[in-house]
Structures are given as C-alpha cells and as structure tokens.
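A.B. asks: Below is final-v4.tsv; it holds TSV, C-alpha atoms and all ligand atoms.
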chain	number	residue	atom	x	y	z
A	1	MET	CA	29.23	-28.45	-35.69
A	2	ASP	CA	28.27	-24.92	-36.66
A	3	LEU	CA	26.93	-22.41	-34.18
A	4	SER	CA	23.25	-22.84	-34.99
A	5	LYS	CA	23.51	-26.58	-34.45
A	6	ARG	CA	25.36	-26.06	-31.16
A	7	PHE	CA	22.57	-23.72	-30.09
A	8	LEU	CA	19.90	-26.22	-31.08
A	9	SER	CA	21.75	-28.93	-29.18
A	10	LEU	CA	21.92	-26.70	-26.09
A	11	VAL	CA	18.20	-25.96	-26.28
A	12	LEU	CA	17.40	-29.64	-26.60
A	13	SER	CA	19.63	-30.45	-23.62
A	14	LEU	CA	17.85	-27.81	-21.55
A	15	GLY	CA	14.54	-29.25	-22.62
A	16	VAL	CA	15.59	-32.65	-21.32
A	17	LEU	CA	16.69	-31.10	-18.04
A	18	LEU	CA	13.40	-29.23	-17.68
A	19	GLY	CA	11.48	-32.37	-18.48
A	20	LEU	CA	13.38	-34.23	-15.80
A	21	SER	CA	12.84	-31.48	-13.28
A	22	VAL	CA	9.08	-31.95	-13.52
A	23	GLY	CA	9.51	-35.47	-12.20
A	24	VAL	CA	12.05	-34.39	-9.58
A	25	TYR	CA	9.92	-31.64	-8.07
A	26	ALA	CA	6.65	-33.53	-8.09
A	27	SER	CA	5.79	-34.90	-4.69
A	28	GLY	CA	4.28	-38.33	-4.24
A	29	LEU	CA	3.59	-40.19	-7.44
A	30	PRO	CA	5.56	-39.24	-10.51
A	31	MET	CA	3.61	-37.40	-13.16
A	32	LYS	CA	3.75	-37.08	-16.87
A	33	GLY	CA	2.03	-34.55	-19.01
A	34	ASN	CA	-0.45	-35.56	-21.64
A	35	PHE	CA	-1.12	-32.13	-22.98
A	36	GLY	CA	-2.15	-33.29	-26.41
A	37	VAL	CA	-5.54	-34.05	-24.85
A	38	SER	CA	-7.80	-31.01	-24.60
A	39	LEU	CA	-10.42	-31.53	-21.94
A	40	VAL	CA	-13.77	-29.91	-22.61
A	41	VAL	CA	-17.06	-29.43	-20.81
A	42	GLY	CA	-18.99	-32.61	-21.54
A	43	GLU	CA	-17.63	-36.13	-21.87
A	44	ASN	CA	-13.94	-36.76	-22.51
A	45	THR	CA	-12.54	-40.17	-23.41
A	46	ILE	CA	-9.25	-40.74	-21.60
A	47	THR	CA	-6.81	-43.52	-22.38
A	48	VAL	CA	-3.95	-44.11	-19.95
A	49	THR	CA	-1.38	-46.85	-20.21
A	50	ASP	CA	0.99	-46.30	-17.28
A	51	SER	CA	-0.25	-47.05	-13.76
A	52	SER	CA	3.06	-45.93	-12.23
A	53	ALA	CA	2.65	-42.25	-13.18
A	54	VAL	CA	-0.25	-39.83	-13.08
A	55	SER	CA	-1.15	-38.59	-16.55
A	56	VAL	CA	-1.87	-34.88	-16.41
A	57	MET	CA	-4.10	-32.98	-18.82
A	58	GLU	CA	-5.16	-29.38	-19.07
A	59	PHE	CA	-8.65	-28.04	-18.80
A	60	ILE	CA	-9.35	-24.42	-19.65
A	61	PRO	CA	-12.65	-23.28	-18.15
A	62	GLY	CA	-14.11	-20.66	-20.43
A	63	GLU	CA	-16.09	-19.00	-17.68
A	64	ALA	CA	-16.28	-18.71	-13.93
A	65	GLY	CA	-18.37	-21.21	-12.01
A	66	ILE	CA	-18.32	-24.39	-9.99
A	67	PHE	CA	-17.21	-27.31	-12.12
A	68	ARG	CA	-17.79	-30.97	-11.30
A	69	PHE	CA	-15.38	-33.64	-12.54
A	70	VAL	CA	-16.54	-37.25	-12.59
A	71	LEU	CA	-14.26	-40.07	-13.75
A	72	THR	CA	-15.79	-43.43	-14.67
A	73	GLY	CA	-13.92	-46.39	-16.07
A	74	ASP	CA	-11.94	-49.48	-15.16
A	75	ALA	CA	-9.10	-49.17	-12.66
A	76	CYS	CA	-8.61	-45.45	-13.19
A	77	MET	CA	-8.35	-42.86	-10.45
A	78	LEU	CA	-8.96	-39.13	-10.64
A	79	TYR	CA	-6.24	-36.82	-9.26
A	80	SER	CA	-6.18	-33.19	-8.31
A	81	VAL	CA	-2.91	-31.63	-9.48
A	82	TYR	CA	-1.54	-28.17	-8.73
A	83	GLY	CA	0.68	-25.96	-10.80
A	84	SER	CA	1.03	-25.58	-14.53
A	85	LYS	CA	2.22	-27.92	-17.19
A	86	PHE	CA	5.71	-26.54	-16.64
A	87	TYR	CA	5.67	-27.19	-12.92
A	88	MET	CA	3.24	-29.79	-11.66
A	89	TYR	CA	3.13	-30.82	-8.02
A	90	ASN	CA	1.13	-32.30	-5.19
A	91	PRO	CA	-1.11	-34.85	-6.95
A	92	GLN	CA	-3.95	-35.83	-4.64
A	93	PRO	CA	-6.16	-38.85	-5.33
A	94	ILE	CA	-9.83	-37.95	-5.32
A	95	GLU	CA	-12.15	-40.17	-3.33
A	96	ASN	CA	-14.96	-41.72	-5.41
A	97	ASN	CA	-13.49	-40.05	-8.51
A	98	VAL	CA	-15.78	-37.04	-8.08
A	99	MET	CA	-14.53	-33.53	-7.31
A	100	GLU	CA	-15.82	-30.02	-7.58
A	101	LYS	CA	-13.65	-26.97	-8.13
A	102	GLU	CA	-14.62	-23.35	-7.98
A	103	ILE	CA	-13.24	-21.28	-10.83
A	104	LYS	CA	-13.29	-17.61	-9.90
A	105	GLU	CA	-13.74	-14.92	-12.51
A	106	SER	CA	-10.02	-14.12	-12.39
A	107	GLN	CA	-9.18	-17.81	-13.05
A	108	ALA	CA	-11.49	-18.31	-16.04
A	109	ASN	CA	-9.59	-18.97	-19.28
A	110	SER	CA	-6.52	-20.07	-17.35
A	111	PRO	CA	-5.48	-23.71	-17.63
A	112	MET	CA	-6.07	-26.01	-14.66
A	113	LEU	CA	-4.61	-29.49	-14.33
A	114	ILE	CA	-6.50	-32.77	-14.09
A	115	GLY	CA	-4.72	-36.06	-13.35
A	116	VAL	CA	-5.74	-39.61	-14.13
A	117	LEU	CA	-3.90	-42.72	-12.96
A	118	GLY	CA	-4.46	-46.20	-14.29
A	119	ASN	CA	-4.20	-48.50	-17.27
A	120	GLY	CA	-7.17	-48.47	-19.58
A	121	THR	CA	-9.87	-46.22	-20.94
A	122	ALA	CA	-12.10	-43.99	-18.84
A	123	THR	CA	-14.64	-41.25	-19.31
A	124	LEU	CA	-14.08	-37.89	-17.66
A	125	SER	CA	-17.27	-35.90	-17.44
A	126	ILE	CA	-16.95	-32.16	-16.84
A	127	GLU	CA	-20.03	-30.17	-15.95
A	128	ARG	CA	-20.61	-26.62	-14.78
A	129	VAL	CA	-22.92	-27.02	-11.81
A	130	GLY	CA	-23.08	-23.59	-10.17
A	131	GLU	CA	-22.04	-19.98	-9.98
A	132	ALA	CA	-18.70	-18.92	-8.55
A	133	SER	CA	-18.67	-16.71	-5.49
A	134	PHE	CA	-17.72	-13.06	-5.77
A	135	ASP	CA	-14.15	-12.64	-6.93
A	136	ILE	CA	-12.58	-9.50	-5.58
A	137	SER	CA	-9.31	-10.04	-7.41
A	138	ALA	CA	-11.17	-9.82	-10.73
A	139	GLN	CA	-12.46	-6.35	-9.96
A	140	PRO	CA	-10.60	-3.50	-11.66
A	141	PHE	CA	-8.86	-0.78	-9.71
A	142	GLU	CA	-10.18	2.73	-10.00
A	143	THR	CA	-7.60	5.48	-9.77
A	144	TYR	CA	-8.27	8.13	-7.19
A	145	LYS	CA	-8.26	11.52	-8.88
A	146	THR	CA	-6.82	14.59	-7.26
A	147	THR	CA	-9.51	17.18	-6.62
A	148	ALA	CA	-7.29	20.06	-5.54
A	149	THR	CA	-5.49	22.37	-7.91
A	150	LEU	CA	-1.89	21.72	-7.00
A	151	THR	CA	0.82	24.30	-6.86
A	152	LYS	CA	4.46	23.99	-5.99
A	153	PHE	CA	4.75	24.18	-2.23
A	154	THR	CA	7.67	25.93	-0.55
A	155	LYS	CA	7.77	25.95	3.19
A	156	ASP	CA	7.54	29.08	5.28
A	157	LYS	CA	11.15	29.81	6.18
A	158	ALA	CA	10.15	31.05	9.64
A	159	ILE	CA	9.28	27.46	10.54
A	160	ASP	CA	12.29	25.73	12.00
A	161	GLU	CA	10.79	22.57	13.40
A	162	TYR	CA	7.98	20.20	12.59
A	163	VAL	CA	6.16	18.29	15.28
A	164	PHE	CA	4.10	15.23	14.55
A	165	VAL	CA	0.61	15.34	15.97
A	166	ASP	CA	0.05	12.83	18.72
A	167	VAL	CA	-3.42	11.34	18.55
A	168	THR	CA	-3.20	10.27	22.17
A	169	GLU	CA	-3.77	13.96	22.80
A	170	SER	CA	-7.14	15.43	21.96
A	171	HIS	CA	-7.03	17.17	18.58
A	172	THR	CA	-9.27	17.99	15.73
A	173	ALA	CA	-8.42	19.07	12.22
A	174	VAL	CA	-10.34	21.92	10.67
A	175	LEU	CA	-10.52	22.64	6.97
A	176	GLY	CA	-9.61	26.27	6.46
A	177	VAL	CA	-10.73	28.63	3.70
A	178	ASP	CA	-7.22	28.24	2.26
A	179	GLY	CA	-8.07	24.64	1.37
A	180	TYR	CA	-5.63	23.22	3.92
A	181	TYR	CA	-6.30	21.51	7.21
A	182	HIS	CA	-5.38	23.29	10.43
A	183	LEU	CA	-4.82	21.98	13.91
A	184	ASP	CA	-7.81	22.44	16.24
A	185	THR	CA	-9.15	25.66	14.70
A	186	ALA	CA	-9.31	27.18	11.23
A	187	GLU	CA	-6.64	29.65	12.37
A	188	GLY	CA	-4.45	26.99	13.98
A	189	PRO	CA	-1.15	25.85	12.52
A	190	VAL	CA	-1.30	24.28	9.09
A	191	LEU	CA	-0.99	20.50	9.11
A	192	TYR	CA	1.61	19.04	6.80
A	193	MET	CA	2.21	15.66	5.29
A	194	ASN	CA	5.72	14.31	5.01
A	195	PHE	CA	5.80	12.09	1.95
A	196	THR	CA	9.18	10.51	2.38
A	197	ASP	CA	10.21	9.60	5.88
A	198	ALA	CA	7.26	10.08	8.19
A	199	THR	CA	7.90	7.38	10.75
A	200	TYR	CA	4.43	5.98	10.69
A	201	LEU	CA	3.54	6.16	7.05
A	202	PRO	CA	6.34	6.20	4.48
A	203	VAL	CA	3.99	7.22	1.73
A	204	ALA	CA	6.48	7.37	-1.10
A	205	ALA	CA	7.67	3.85	-0.33
A	206	ALA	CA	4.11	2.60	0.06
A	207	ALA	CA	3.19	4.08	-3.30
A	208	ALA	CA	6.34	2.77	-4.98
A	209	ASN	CA	5.70	-0.83	-3.99
A	210	GLY	CA	2.04	-0.61	-4.90
A	211	ALA	CA	0.78	-0.98	-1.34
A	212	MET	CA	-1.43	2.10	-1.47
A	213	LYS	CA	-4.48	0.28	-2.64
A	214	ASP	CA	-7.73	-0.22	-0.86
A	215	VAL	CA	-11.07	-1.94	-1.13
A	216	LEU	CA	-14.15	0.02	-0.14
A	217	TYR	CA	-17.15	-1.70	1.39
A	218	ASP	CA	-20.52	-0.35	2.43
A	219	GLU	CA	-21.77	-0.55	6.00
A	220	ASN	CA	-23.12	-4.05	5.36
A	221	GLY	CA	-19.75	-5.28	4.25
A	222	ASN	CA	-20.66	-5.40	0.59
A	223	PHE	CA	-17.96	-4.63	-1.92
A	224	ILE	CA	-18.14	-1.21	-3.51
A	225	LYS	CA	-14.92	-0.78	-5.42
A	226	LYS	CA	-11.20	-1.23	-5.45
A	227	ILE	CA	-9.26	1.98	-5.45
A	228	GLU	CA	-5.61	2.88	-5.84
A	229	PHE	CA	-4.07	6.11	-4.63
A	230	ILE	CA	-0.66	5.90	-6.24
A	231	THR	CA	-1.29	8.35	-9.04
A	232	CYS	CA	-2.67	10.94	-6.67
A	233	ILE	CA	0.19	10.54	-4.17
A	234	ASN	CA	2.77	10.83	-6.93
A	235	GLU	CA	1.07	13.96	-8.21
A	236	TYR	CA	1.33	15.58	-4.79
A	237	TYR	CA	4.85	14.35	-4.39
A	238	GLY	CA	5.81	16.22	-7.54
A	239	TYR	CA	4.65	19.46	-5.96
A	240	THR	CA	6.28	19.06	-2.55
A	241	ASP	CA	9.12	21.07	-1.13
A	242	ASN	CA	12.13	18.79	-1.40
A	243	SER	CA	14.63	21.61	-1.18
A	244	THR	CA	16.01	21.34	2.31
A	245	ASN	CA	16.33	19.16	5.32
A	246	GLN	CA	13.36	20.58	7.06
A	247	MET	CA	11.96	17.92	9.32
A	248	VAL	CA	12.70	17.30	12.96
A	249	ALA	CA	15.84	15.42	13.91
A	250	GLY	CA	15.99	11.95	12.43
A	251	TYR	CA	14.15	12.84	9.27
A	252	THR	CA	15.69	13.51	5.93
A	253	ASP	CA	14.69	15.68	3.05
A	254	GLY	CA	11.21	17.08	2.98
A	255	GLY	CA	8.66	15.86	0.53
A	256	LEU	CA	6.40	18.14	2.51
A	257	TYR	CA	2.97	19.40	1.51
A	258	PRO	CA	0.08	20.98	3.42
A	259	LEU	CA	-2.77	18.57	4.01
A	260	THR	CA	-5.67	18.81	1.61
A	261	TYR	CA	-8.93	16.94	1.38
A	262	ASP	CA	-7.38	14.39	-0.98
A	263	LEU	CA	-4.55	13.53	1.37
A	264	VAL	CA	-6.85	13.32	4.36
A	265	TYR	CA	-9.17	11.04	2.42
A	266	ILE	CA	-6.29	8.79	1.45
A	267	LEU	CA	-4.99	8.66	5.00
A	268	GLN	CA	-8.41	7.85	6.36
A	269	THR	CA	-9.39	5.18	3.87
A	270	HIS	CA	-5.96	3.62	3.61
A	271	THR	CA	-5.20	3.50	7.27
A	272	ALA	CA	-8.66	2.27	8.20
A	273	SER	CA	-7.88	-0.90	6.30
A	274	TYR	CA	-4.22	-1.40	6.89
A	275	GLY	CA	-3.49	0.05	10.28
A	276	TRP	CA	-0.35	1.96	10.98
A	277	SER	CA	2.97	0.42	10.23
A	278	ASP	CA	6.24	1.87	11.40
A	279	SER	CA	9.09	2.74	9.08
A	280	SER	CA	10.59	-0.74	9.33
A	281	SER	CA	7.19	-2.28	8.46
A	282	ALA	CA	7.89	-4.68	11.30
A	283	ASN	CA	5.27	-3.44	13.69
A	284	TYR	CA	1.74	-2.28	13.65
A	285	LEU	CA	1.02	0.47	16.07
A	286	PHE	CA	-2.41	0.31	17.57
A	287	THR	CA	-2.56	-3.45	17.12
A	288	GLY	CA	-5.40	-4.57	19.29
A	289	MET	CA	-6.39	-0.99	19.93
A	290	THR	CA	-9.43	0.86	18.75
A	291	VAL	CA	-8.42	3.36	16.12
A	292	ASP	CA	-10.54	6.43	15.56
A	293	VAL	CA	-9.96	7.18	11.89
A	294	ASP	CA	-11.13	10.74	12.40
A	295	THR	CA	-8.11	11.45	14.57
A	296	ALA	CA	-5.71	8.62	13.87
A	297	TRP	CA	-4.89	9.97	10.44
A	298	MET	CA	-3.30	12.95	12.14
A	299	PHE	CA	-0.62	10.72	13.57
A	300	PRO	CA	1.59	10.80	10.48
A	301	VAL	CA	1.10	14.52	9.90
A	302	CYS	CA	2.86	17.40	11.55
A	303	TYR	CA	2.60	21.10	12.17
A	304	GLY	CA	5.31	23.72	12.14
A	305	LEU	CA	6.91	25.44	15.09
A	306	TYR	CA	7.94	29.00	14.32
A	307	ILE	CA	11.33	30.25	15.44
A	308	GLY	CA	9.76	33.35	16.97
A	309	ASP	CA	6.74	31.69	18.58
A	310	MET	CA	7.46	32.96	22.07
A	311	ASN	CA	4.03	32.30	23.60
A	312	GLY	CA	3.72	28.79	22.19
A	313	ASP	CA	0.46	29.14	20.28
A	314	SER	CA	2.08	27.69	17.14
A	315	ARG	CA	1.68	30.97	15.31
A	316	LEU	CA	3.98	33.90	14.75
A	317	THR	CA	2.23	37.21	15.42
A	318	THR	CA	2.85	40.57	17.04
A	319	SER	CA	1.67	39.09	20.34
A	320	ASP	CA	4.91	37.10	20.39
A	321	ALA	CA	6.90	40.36	20.42
A	322	VAL	CA	4.72	41.64	23.26
A	323	HIS	CA	5.17	38.35	25.11
A	324	LEU	CA	8.94	38.62	24.71
A	325	LEU	CA	8.92	42.19	26.02
A	326	TYR	CA	6.92	41.11	29.07
A	327	HIS	CA	9.37	38.27	29.58
A	328	THR	CA	12.28	40.70	29.88
A	329	MET	CA	10.43	42.35	32.76
A	330	LEU	CA	8.56	39.44	34.39
A	331	PRO	CA	10.38	36.28	33.28
A	332	GLU	CA	8.57	34.03	35.75
A	333	SER	CA	5.12	35.11	34.59
A	334	TYR	CA	5.96	35.10	30.88
A	335	ALA	CA	7.94	31.96	30.16
A	336	LEU	CA	9.37	31.60	26.67
A	337	ASN	CA	8.51	28.79	24.33
A	338	ARG	CA	11.67	29.35	22.26
A	339	ASP	CA	15.10	30.95	22.48
A	340	GLY	CA	14.40	34.66	22.91
A	341	ASP	CA	17.68	35.97	21.50
A	342	VAL	CA	16.16	36.50	18.09
A	343	ASN	CA	18.66	39.15	16.93
A	344	GLY	CA	21.51	36.81	17.74
A	345	ASP	CA	23.72	39.15	19.76
A	346	GLY	CA	24.03	36.72	22.64
A	347	VAL	CA	21.97	38.81	25.03
A	348	LEU	CA	18.28	38.49	25.77
A	349	ASP	CA	16.76	41.92	26.28
A	350	SER	CA	14.07	44.31	25.06
A	351	ASP	CA	15.98	44.83	21.79
A	352	ASP	CA	14.94	41.28	20.89
A	353	ALA	CA	11.26	42.14	21.42
A	354	ILE	CA	11.61	45.13	19.10
A	355	TYR	CA	13.53	43.07	16.56
A	356	LEU	CA	10.85	40.38	16.67
A	357	LEU	CA	8.16	42.99	16.03
A	358	TYR	CA	10.12	44.19	13.00
A	359	HIS	CA	10.47	40.59	11.85
A	360	VAL	CA	6.74	39.96	12.02
A	361	LEU	CA	6.13	43.07	9.93
A	362	LEU	CA	9.13	42.79	7.56
A	363	PRO	CA	10.42	39.21	7.71
A	364	GLU	CA	12.77	39.56	4.74
A	365	GLN	CA	14.62	42.55	6.12
A	366	TYR	CA	14.72	41.27	9.68
A	367	PRO	CA	15.54	37.56	9.57
A	368	LEU	CA	15.54	35.67	12.82
A	369	ALA	CA	18.80	34.35	14.19
A	401	CA	CA	2.87	32.87	18.94
A	402	CA	CA	19.46	39.58	21.67
Starting from the file, give its structure as structure tokens.
Ligand SMILES: [Ca+2]
Ligand SMILES: [Ca+2]
C.D. replies:
Amino acid sequence: MDLSKRFLSLVLSLGVLLGLSVGVYASGLPMKGNFGVSLVVGENTITVTDSSAVSVMEFIPGEAGIFRFVLTGDACMLYSVYGSKFYMYNPQPIENNVMEKEIKESQANSPMLIGVLGNGTATLSIERVGEASFDISAQPFETYKTTATLTKFTKDKAIDEYVFVDVTESHTAVLGVDGYYHLDTAEGPVLYMNFTDATYLPVAAAAANGAMKDVLYDENGNFIKKIEFITCINEYYGYTDNSTNQMVAGYTDGGLYPLTYDLVYILQTHTASYGWSDSSSANYLFTGMTVDVDTAWMFPVCYGLYIGDMNGDSRLTTSDAVHLLYHTMLPESYALNRDGDVNGDGVLDSDDAIYLLYHVLLPEQYPLA
C-alpha cells in the first residue's frame, strides 16, 4: 500500500470513528443525520424509515425571527435537537408536534437541527411568525478612540512611593490645566494609573483577555452601543514608564501613566458595569455595596509621595525646607512626614533643611538621599 492509500485509509477510519462518536455522545434516543434534506420555509416532505433513531436535518434560517415548526403525518414525532451535524445531542420530543424557536440576528444563516422520529412520510411546515427580540450579541463593537495627545511618560524621580487612593476616604479628582487629574484640588498631587499590577484593576490583563468591553445603555435601560477600550488602553500602555520598579511594595514594574480624561472615562464606564475585581479575579470588592462611580474609579489609581515632602501635603515645595528647619528647633510642633536626613550624613539637623531648599531649587545638583 503506498503512502497516499495509507493516508486515505486513515482518514476513512477516522471518519468511521467520528460517525460512531455521534451516536455515543447523543443522550436518550440514538440519532442519525439526514443532511441530504434541505429544510426550507414552507412545506417540506419528510420520509423516515427507522423508528429506533431520530433522523436529524438542518434548517438554515435566512433571517432573524420567530419560526414555527409543525409536523403532520402518520406516526411521526417532531424532535428538538441541539448541537451541529458534527455533534448532535439532547433530542427532546415536542408535544403536539408544534414548536416555535426564536432565531436572533446573530443566529440567522447558521444551521439549526430538526429531528423527526417515525416510519413513514410526514409534512414539516416551517413558517416565520414574528420578529426576534433585540439581539445584543449581533451589535458591532465600537472602538473607543483616545482623545489626548499622548507622550512618553517618565516619572518624577523625586517620587519614591505611590499610594493608592482609598475611596472610603472622602476625595475628589480635579482636572488640571495640564490635562491630568489631581487629588482634591487642581494643585493637588497628580493621580496615576498603574496598568500592570494595580491590585484592583489589572488593566493590561483585562485588555489582553478581551474583558475590557462594555455595553452602554440610556437612563431607560435602552441599548445605546457596545464599546471596547482595548485599543485605547494599549495605546496608553505604549507610552507608560516601564523603566523601573516604582510602585509600592508588592507591585512590580510600572506601566504608570498620569490619569487623563480617557482613562477616567474607561474606569468609570467599565467599572460601573463590572464592579471591582481583585488581582486573583476571585472576589468582587463592593459586592452588595453601593458604588459611587464618581469616586470609586479612584480606587485603582494612586498618587505619588515625594521623598522630601516633610509637611505631608503630597507636594515638594520650599515650605518643606522651612518645615524641616522648624522641626530641628520644635520637633514636637513640627512632626515630619518623611525621614528628614535628606543629605544622608546620618544626622538630622539644620543642614538638611538647607540641603532640601537647594534640592527644591536645583534637584539635579542636589539629589535627595
Ligand atoms: Ca510638602
Ligand atoms: Ca543630615
């Protein structure tokens, strides 16, 4: 036997196995395909000769709608069958030989299975009797388009720690003239989005597995559109600072970008529908809780803590040097938010206040310890 004949023999053997498997997997009555018969809207003459197995035929509805199937004839019974002609299962006898099936827009032009059991000739009448209900799965996705002009983002090196905003505290986010959102006031610390390992919204993973999709409804619950954010997220991700391990303990490399309108919009719309899942996707925070989408979106974002932020206002200014100087004289009245030994000589004194002032003015020449 030459190779091509061996191959043909193998294919035929597989075909037999596949044919057998149809019978093995089918529950209840055995089934056999009769796919030479093309069922059409109107009257179909069916001849079946084996009352021990359901004969299964395909019907391809050419449009969405509610279809009625009526079988008339001697000793024949109509069956509902699931699956495809390659894998048929769960034949269910239909009482009175009359059934209606709704074909949604997304199912039109796909084959459905009809079963007939008996021994004789019958007439299967197929009629479209109504409109299908709205089919959300047939609606196309629109891609959310980035509105901001993106530039490569590199973090401010004076920031040594990022703190996630806790929405159980009272916060607002204010859009600054720089195009980024700030915590509480337009001059407050810039809010950042961590794209990779933010505990409560692993955006990169969500985008990669296609989960960042949403359906928008109006206030009456009517469908507006389906939208997907993946392209936008990936665009931002390409501009993030991935250079260093810059997040608080437990987080890995950055993927960090200041929050813009686009990212806020995505957080708000996405999270309003899906809730907040943790990094293991095993839990939903806020389950059973009322979520205020105006503040809840801040949960997966963070703001930076500056090394030299001595007075704890989340900014690094000359007032921090003054605060540090006061601390060296009145430590109880002027508590420090951070380690005050900014020149790194192991001693905390007024030299540190002077050094910090120099740092604020000339950060490159006077790096903080
Ligand atoms: Ca400060
Ligand atoms: Ca010092």
A.B. asks: What's around range 62-68 of chain A at 8 Å? Count only C-alpha atoms, leave out sequence neighbours fewer than 2 positions away in its own chain, and write the answer as a PyMOL selection string.
C.D. replies: chain A and resi 60+70+98-109+125-133
A.B. asks: Step by step, measure atom-to-atom distances between ligand CA 402 (chain A) and each residue using all atoms listed in the file, keep those at most 7 Å, then write them as a list of chain:residue names.
C.D. replies: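 Written in the requested form, the residues are A:Asp341, A:Val342, A:Asn343, A:Gly344, A:Asp345, A:Gly346, A:Val347, A:Leu348, A:Asp349, A:Asp351, A:Asp352.
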A.B. asks: Tell me, counting only C-alpha atoms and all ligand atoms, for each residue of chain A within 7 Å of ligand CA 401 (chain A), which pair of atoms is nearest and how far apart they are in Å to one decimal, in rows ordered by chain and increasing number, as JSON lines.
C.D. replies:
{"residue": "A:Asp309", "atom": "CA", "partner": "A:CA401", "partner_atom": "CA", "distance": 4.1}
{"residue": "A:Met310", "atom": "CA", "partner": "A:CA401", "partner_atom": "CA", "distance": 5.6}
{"residue": "A:Asn311", "atom": "CA", "partner": "A:CA401", "partner_atom": "CA", "distance": 4.8}
{"residue": "A:Gly312", "atom": "CA", "partner": "A:CA401", "partner_atom": "CA", "distance": 5.3}
{"residue": "A:Asp313", "atom": "CA", "partner": "A:CA401", "partner_atom": "CA", "distance": 4.6}
{"residue": "A:Ser314", "atom": "CA", "partner": "A:CA401", "partner_atom": "CA", "distance": 5.5}
{"residue": "A:Arg315", "atom": "CA", "partner": "A:CA401", "partner_atom": "CA", "distance": 4.3}
{"residue": "A:Leu316", "atom": "CA", "partner": "A:CA401", "partner_atom": "CA", "distance": 4.5}
{"residue": "A:Thr317", "atom": "CA", "partner": "A:CA401", "partner_atom": "CA", "distance": 5.6}
{"residue": "A:Ser319", "atom": "CA", "partner": "A:CA401", "partner_atom": "CA", "distance": 6.5}
{"residue": "A:Asp320", "atom": "CA", "partner": "A:CA401", "partner_atom": "CA", "distance": 4.9}
A.B. asks: Which polymer residues have any atom within 10 Å of an atom of Leu263 in chain A, counting only C-alpha atoms, with same-chain residues fewer than 5 positions away left out, as number ranges by chain?
C.D. replies: A: 146, 148, 192-193, 229, 232-233, 236, 257-258, 268-269, 297
A.B. asks: For CA of Arg338 in chain A and CA of Leu256 in chain A, determine how far apart the two atoms are, in Å to one decimal place.
C.D. replies: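 Distance between the two atoms: 23.3 Å.
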A.B. asks: Measure the distance from CA of Ile230 in chain A to CA of Pro189 in chain A in Å and round it to one decimal.
C.D. replies: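 It comes out at 27.4 Å.
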A.B. asks: Between A:Gly42, A:Leu259, A:Pro111, A:Pro91, which one has atoms that come closest to Pro61 in chain A, using only C-alpha atoms?
C.D. replies: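 Closest residue, counting only C-alpha atoms: A:Pro111.
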A.B. asks: Applying 9 Å and all atoms listed in the file, which residues near range 48-55 of chain A remain after dropping the ones on its own chain fewer than 3 positions away? List them as a ChimeraX atom specification.
C.D. replies: /A:29-34,76,79,91,114-122
A.B. asks: Find, counting only C-alpha atoms, the residue in A:Tyr181, A:Tyr303, A:Tyr82, A:Phe35 that gets nearest to Asp160 in chain A.
C.D. replies: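 So, comparing all the options, the nearest one is A:Tyr303.
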A.B. asks: Which polymer residues have any atom within 12 Å of an atom of Leu191 in chain A, counting only C-alpha atoms, with same-chain residues fewer than 6 positions away left out, as a ChimeraX atom specification?
C.D. replies: /A:155,162-165,171-176,179-185,256-261,263-264,297-305,314
A.B. asks: With distances taken over all atoms listed in the file, which residue among A:Tyr306, A:Leu150, A:Asp294, A:Leu78 lies nearest Ser170 in chain A?
C.D. replies: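 Nearest to Ser170 in chain A: A:Asp294.
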A.B. asks: In Å, how far is it from CA of Thr45 in chain A to CA of Tyr87 in chain A?
C.D. replies: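 It comes out at 24.7 Å.
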A.B. asks: Need the shell around Ser84 in chain A: protein/DNA/RNA residues with any atom at most 9 Å away, counting all atoms listed in the file. Skip same-chain ones fewer than 5 positions apart. Format as a list in words?
C.D. replies: Glu58, Tyr89, Pro111, Met112 and Leu113 of chain A
A.B. asks: Rank A:Glu142, A:Glu235, A:Asp241, A:Asp166 by their smallest atom-to-atom distance to Val215 in chain A, using only C-alpha atoms, and report the top residue only.
C.D. replies: A:Glu142
A.B. asks: Taking only C-alpha atoms into account, which of A:Ile307, A:Ala353, A:Ile227, A:Val177 comes nearest Pro140 in chain A?
C.D. replies: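 Closest to Pro140 in chain A of all the choices is A:Ile227.
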